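Accompanying notes for the structure given below.
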Amino acid sequence: DGGITQSPKYLFRKEGQNVTLSCEQNLNHDAMYWYRQDPGQGLRLIYYSQIVNDFQKGDIAEGYSVSREKKESFPLTVTSAQKNPTAFYLCASSIKGTIQPQHFGDGTRLSIL
Amino acid sequence: SQELEQSPQSLIVQEGKNLTINCTSSKTLYGLYWYKQKYGEGLIFLMMLQKGGEEKSHEKITAKLDEKKQQSSLHITASQPSHAGIYLCGASNSGGSNYKLTFGKGTLLTVNP
(Lines give C-alpha, C1' and ligand atoms only; values in the text may rest on other atoms or scores of the structure.)
Protein backbone atom coordinates (compact mmCIF):
# COMPACT_ATOMS: atom_id res chain seq x y z
CA ASP A 1 0.00 0.00 0.00
CA GLY A 2 1.19 3.52 -0.77
CA GLY A 3 1.78 5.86 2.07
CA ILE A 4 4.10 7.97 4.18
CA THR A 5 6.35 6.41 6.81
CA GLN A 6 7.80 8.46 9.62
CA SER A 7 10.40 7.09 12.02
CA PRO A 8 10.99 6.83 14.83
CA LYS A 9 7.60 7.21 16.50
CA TYR A 10 9.25 8.52 19.70
CA LEU A 11 12.59 10.32 19.96
CA PHE A 12 14.50 11.81 22.85
CA ARG A 13 17.10 14.52 22.54
CA LYS A 14 19.84 15.50 24.93
CA GLU A 15 20.98 19.09 25.39
CA GLY A 16 23.25 20.22 22.57
CA GLN A 17 22.42 17.25 20.38
CA ASN A 18 21.15 17.25 16.82
CA VAL A 19 18.53 14.64 15.93
CA THR A 20 17.13 13.59 12.57
CA LEU A 21 13.55 12.57 11.86
CA SER A 22 12.94 10.34 8.88
CA CYS A 23 10.13 10.70 6.33
CA GLU A 24 9.73 8.35 3.36
CA GLN A 25 6.86 8.24 0.85
CA ASN A 26 6.01 5.82 -1.96
CA LEU A 27 3.13 7.84 -3.39
CA ASN A 28 5.31 9.28 -6.18
CA HIS A 29 4.52 12.78 -4.90
CA ASP A 30 6.80 15.64 -5.89
CA ALA A 31 6.04 17.88 -2.92
CA MET A 32 6.85 17.11 0.71
CA TYR A 33 6.33 19.09 3.93
CA TRP A 34 7.30 19.17 7.59
CA TYR A 35 4.94 20.53 10.23
CA ARG A 36 5.22 21.03 13.94
CA GLN A 37 2.17 20.57 16.19
CA ASP A 38 2.04 21.85 19.77
CA PRO A 39 -0.84 21.22 22.24
CA GLY A 40 -3.80 23.45 21.52
CA GLN A 41 -2.23 24.84 18.37
CA GLY A 42 -2.67 24.11 14.74
CA LEU A 43 0.03 22.81 12.47
CA ARG A 44 2.87 25.17 11.66
CA LEU A 45 4.95 24.73 8.54
CA ILE A 46 8.68 24.24 9.09
CA TYR A 47 10.01 23.48 5.58
CA TYR A 48 8.62 22.31 2.28
CA SER A 49 10.05 20.97 -0.94
CA GLN A 50 8.38 20.88 -4.33
CA ILE A 51 11.17 19.15 -6.21
CA VAL A 52 14.35 17.18 -5.56
CA ASN A 53 17.34 19.28 -4.46
CA ASP A 54 15.15 22.29 -3.71
CA PHE A 55 13.35 23.36 -0.54
CA GLN A 56 11.94 26.50 1.05
CA LYS A 57 11.58 27.77 4.59
CA GLY A 58 8.15 27.75 6.13
CA ASP A 59 6.92 29.90 8.99
CA ILE A 60 9.15 28.46 11.75
CA ALA A 61 12.36 27.23 10.06
CA GLU A 62 14.83 28.55 12.65
CA GLY A 63 16.68 25.73 14.40
CA TYR A 64 15.74 23.15 11.75
CA SER A 65 17.37 21.90 8.56
CA VAL A 66 16.25 19.58 5.76
CA SER A 67 17.56 17.88 2.64
CA ARG A 68 15.84 16.49 -0.44
CA GLU A 69 18.31 14.27 -2.26
CA LYS A 70 15.69 11.75 -3.36
CA LYS A 71 12.07 12.18 -4.38
CA GLU A 72 10.97 9.64 -1.78
CA SER A 73 12.79 11.08 1.22
CA PHE A 74 12.68 14.36 3.14
CA PRO A 75 14.55 14.08 6.47
CA LEU A 76 14.28 16.82 9.08
CA THR A 77 17.16 17.63 11.45
CA VAL A 78 16.33 19.36 14.71
CA THR A 79 19.51 21.18 15.64
CA SER A 80 20.78 22.29 19.04
CA ALA A 81 19.81 25.82 17.99
CA GLN A 82 16.15 24.88 18.39
CA LYS A 83 15.64 25.75 22.05
CA ASN A 84 12.14 24.39 22.40
CA PRO A 85 12.04 21.23 20.28
CA THR A 86 9.49 19.26 22.31
CA ALA A 87 6.55 18.76 19.95
CA PHE A 88 4.78 16.37 17.59
CA TYR A 89 6.29 16.47 14.11
CA LEU A 90 4.25 15.57 11.03
CA CYS A 91 5.48 14.92 7.51
CA ALA A 92 3.17 15.25 4.51
CA SER A 93 3.33 14.90 0.75
CA SER A 94 1.20 15.93 -2.20
CA ILE A 95 1.02 16.16 -5.96
CA LYS A 96 2.75 19.42 -6.86
CA GLY A 97 0.86 22.49 -7.99
CA THR A 98 -2.69 21.19 -7.74
CA ILE A 99 -5.50 21.43 -5.24
CA GLN A 100 -5.21 17.76 -4.34
CA PRO A 101 -4.91 17.27 -0.57
CA GLN A 102 -1.73 16.71 1.36
CA HIS A 103 -1.37 13.21 2.84
CA PHE A 104 0.22 12.78 6.26
CA GLY A 105 2.43 10.30 8.06
CA ASP A 106 1.75 9.10 11.61
CA GLY A 107 4.11 11.57 13.23
CA THR A 108 7.17 11.57 15.49
CA ARG A 109 6.99 12.78 19.08
CA LEU A 110 10.23 14.48 20.15
CA SER A 111 11.01 15.05 23.81
CA ILE A 112 13.96 16.48 25.73
CA LEU A 113 15.88 14.35 28.21
CA SER B 1 -1.37 36.06 6.08
CA GLN B 2 -4.48 33.96 6.27
CA GLU B 3 -5.88 32.94 9.65
CA LEU B 4 -8.40 30.20 10.30
CA GLU B 5 -10.55 30.24 13.42
CA GLN B 6 -12.31 27.07 14.44
CA SER B 7 -15.28 26.90 16.79
CA PRO B 8 -15.94 25.43 19.18
CA GLN B 9 -12.50 24.55 20.55
CA SER B 10 -13.96 21.43 22.13
CA LEU B 11 -17.27 19.65 22.06
CA ILE B 12 -18.79 16.85 24.13
CA VAL B 13 -21.89 15.16 22.77
CA GLN B 14 -23.97 12.13 23.57
CA GLU B 15 -23.90 9.31 21.04
CA GLY B 16 -26.60 9.76 18.44
CA LYS B 17 -26.63 13.57 18.61
CA ASN B 18 -25.89 15.85 15.66
CA LEU B 19 -23.13 18.45 15.82
CA THR B 20 -21.52 21.21 13.76
CA ILE B 21 -17.96 22.52 13.69
CA ASN B 22 -17.15 25.84 12.01
CA CYS B 23 -14.05 27.15 10.30
CA THR B 24 -13.90 30.88 9.52
CA SER B 25 -11.23 32.51 7.41
CA SER B 26 -9.89 36.06 7.42
CA LYS B 27 -9.53 35.85 3.62
CA THR B 28 -11.29 34.20 0.68
CA LEU B 29 -10.94 30.45 0.70
CA TYR B 30 -9.68 28.99 -2.57
CA GLY B 31 -9.28 25.47 -1.26
CA LEU B 32 -10.56 24.26 2.11
CA TYR B 33 -9.54 20.88 3.50
CA TRP B 34 -11.03 19.01 6.45
CA TYR B 35 -8.91 16.49 8.34
CA LYS B 36 -9.46 14.25 11.35
CA GLN B 37 -6.72 13.36 13.82
CA LYS B 38 -6.68 10.87 16.65
CA TYR B 39 -4.39 11.84 19.53
CA GLY B 40 -0.76 11.01 18.77
CA GLU B 41 -1.48 10.05 15.17
CA GLY B 42 -1.35 11.65 11.75
CA LEU B 43 -4.08 13.53 9.94
CA ILE B 44 -6.65 11.65 7.89
CA PHE B 45 -8.08 13.55 4.92
CA LEU B 46 -11.87 13.83 4.99
CA MET B 47 -13.02 16.26 2.31
CA MET B 48 -11.97 19.17 0.14
CA LEU B 49 -14.17 22.11 -0.87
CA GLN B 50 -13.35 24.58 -3.57
CA LYS B 51 -16.43 26.34 -4.92
CA GLY B 52 -18.75 28.72 -3.14
CA GLY B 53 -21.89 26.91 -2.04
CA GLU B 54 -20.26 23.51 -2.48
CA GLU B 55 -21.36 20.65 -0.24
CA LYS B 56 -19.84 17.21 0.08
CA SER B 57 -20.80 14.20 2.15
CA HIS B 58 -19.03 11.06 3.27
CA GLU B 59 -21.01 8.59 5.32
CA LYS B 60 -22.50 10.70 8.14
CA ILE B 61 -20.22 13.71 7.70
CA THR B 62 -21.20 16.69 5.54
CA ALA B 63 -19.00 19.68 4.79
CA LYS B 64 -20.13 22.96 3.25
CA LEU B 65 -18.40 26.07 1.94
CA ASP B 66 -20.49 29.23 2.09
CA GLU B 67 -21.23 31.32 -0.99
CA LYS B 68 -18.78 34.03 0.02
CA LYS B 69 -16.07 31.40 0.50
CA GLN B 70 -15.00 32.61 3.91
CA GLN B 71 -16.59 30.01 6.14
CA SER B 72 -16.92 26.25 6.12
CA SER B 73 -18.92 23.98 8.38
CA LEU B 74 -18.58 20.29 9.16
CA HIS B 75 -21.76 18.55 10.27
CA ILE B 76 -21.93 15.09 11.79
CA THR B 77 -25.30 13.35 11.89
CA ALA B 78 -26.09 10.76 14.56
CA SER B 79 -22.61 10.86 16.10
CA GLN B 80 -20.85 7.66 17.13
CA PRO B 81 -17.82 7.03 19.40
CA SER B 82 -15.80 6.40 16.22
CA HIS B 83 -16.27 10.07 15.31
CA ALA B 84 -14.27 11.18 18.35
CA GLY B 85 -11.01 12.97 17.65
CA ILE B 86 -9.60 16.32 16.60
CA TYR B 87 -11.03 17.95 13.49
CA LEU B 88 -8.82 20.44 11.67
CA CYS B 89 -9.52 22.70 8.75
CA GLY B 90 -6.73 23.75 6.43
CA ALA B 91 -6.74 26.34 3.66
CA SER B 92 -4.53 27.23 0.76
CA ASN B 93 -2.56 30.45 1.03
CA SER B 94 -1.68 30.46 -2.61
CA GLY B 95 -4.79 30.97 -4.68
CA GLY B 96 -5.82 27.35 -4.80
CA SER B 97 -2.55 25.49 -4.90
CA ASN B 98 -1.99 22.88 -2.25
CA TYR B 99 1.27 24.05 -0.80
CA LYS B 100 1.65 26.41 2.14
CA LEU B 101 -1.56 25.46 3.85
CA THR B 102 -2.71 27.32 6.94
CA PHE B 103 -4.46 25.24 9.60
CA GLY B 104 -6.94 26.08 12.32
CA LYS B 105 -6.17 25.06 15.89
CA GLY B 106 -8.61 22.17 15.76
CA THR B 107 -11.83 21.12 17.47
CA LEU B 108 -11.65 18.27 19.99
CA LEU B 109 -14.75 16.10 19.74
CA THR B 110 -15.73 13.66 22.49
CA VAL B 111 -18.67 11.33 21.92
CA ASN B 112 -20.04 9.69 25.04
CA PRO B 113 -21.72 6.29 24.59
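Residues in the C-alpha coordinates are numbered from 1 in each chain, the chains being A, B, ... in the order shown, and ligands are numbered from 1 in the order shown.
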Taking the DSSP assignment computed from this structure's backbone, write out as a ChimeraX atom specification all residues of chain B that belong to strand (DSSP E or B). /B:4-7,10-14,19-25,32-37,43-49,55-58,61-65,71-76,85-94,97-103,107-112
Can you pull out the residues contacting region 71-81 of chain A? Cut-off 8 Å, using only C-alpha atoms, and skip same-chain residues under 4 positions away; I want them as a list in words.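 Selected residues are Glu15, Gly16, Gln17, Asn18, Val19, Thr20, Leu21, Ser22, Cys23, Glu24, Gln25, Asn26, Asn28, His29, Asp30, Met32, Tyr33, Trp34, Ile51, Val52, Glu62, Gly63, Tyr64, Ser65, Val66, Ser67 and Pro85 of chain A.
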10 Å contacts from chain A to chain B using only C-alpha atoms, as a PyMOL selection string: chain A and resi 6+9+31-33+37-45+47-50+58-59+88-109
Between CA of Ser7 (chain B) and CA of Ile21 (chain B), measure the distance and give it in Å to one decimal.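 CA of Ile21 (chain B) lies 6.0 Å from CA of Ser7 (chain B).
CA of Gln14 (chain B) to CA of Tyr39 (chain B) spans 20.0 Å [interatomic distance, one decimal].
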Can you tell me how far CA of Val13 (chain B) sits from CA of Glu67 (chain B), in Å to one decimal?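 Answer for the CA of Val13 (chain B) to CA of Glu67 (chain B) separation: 28.7 Å.
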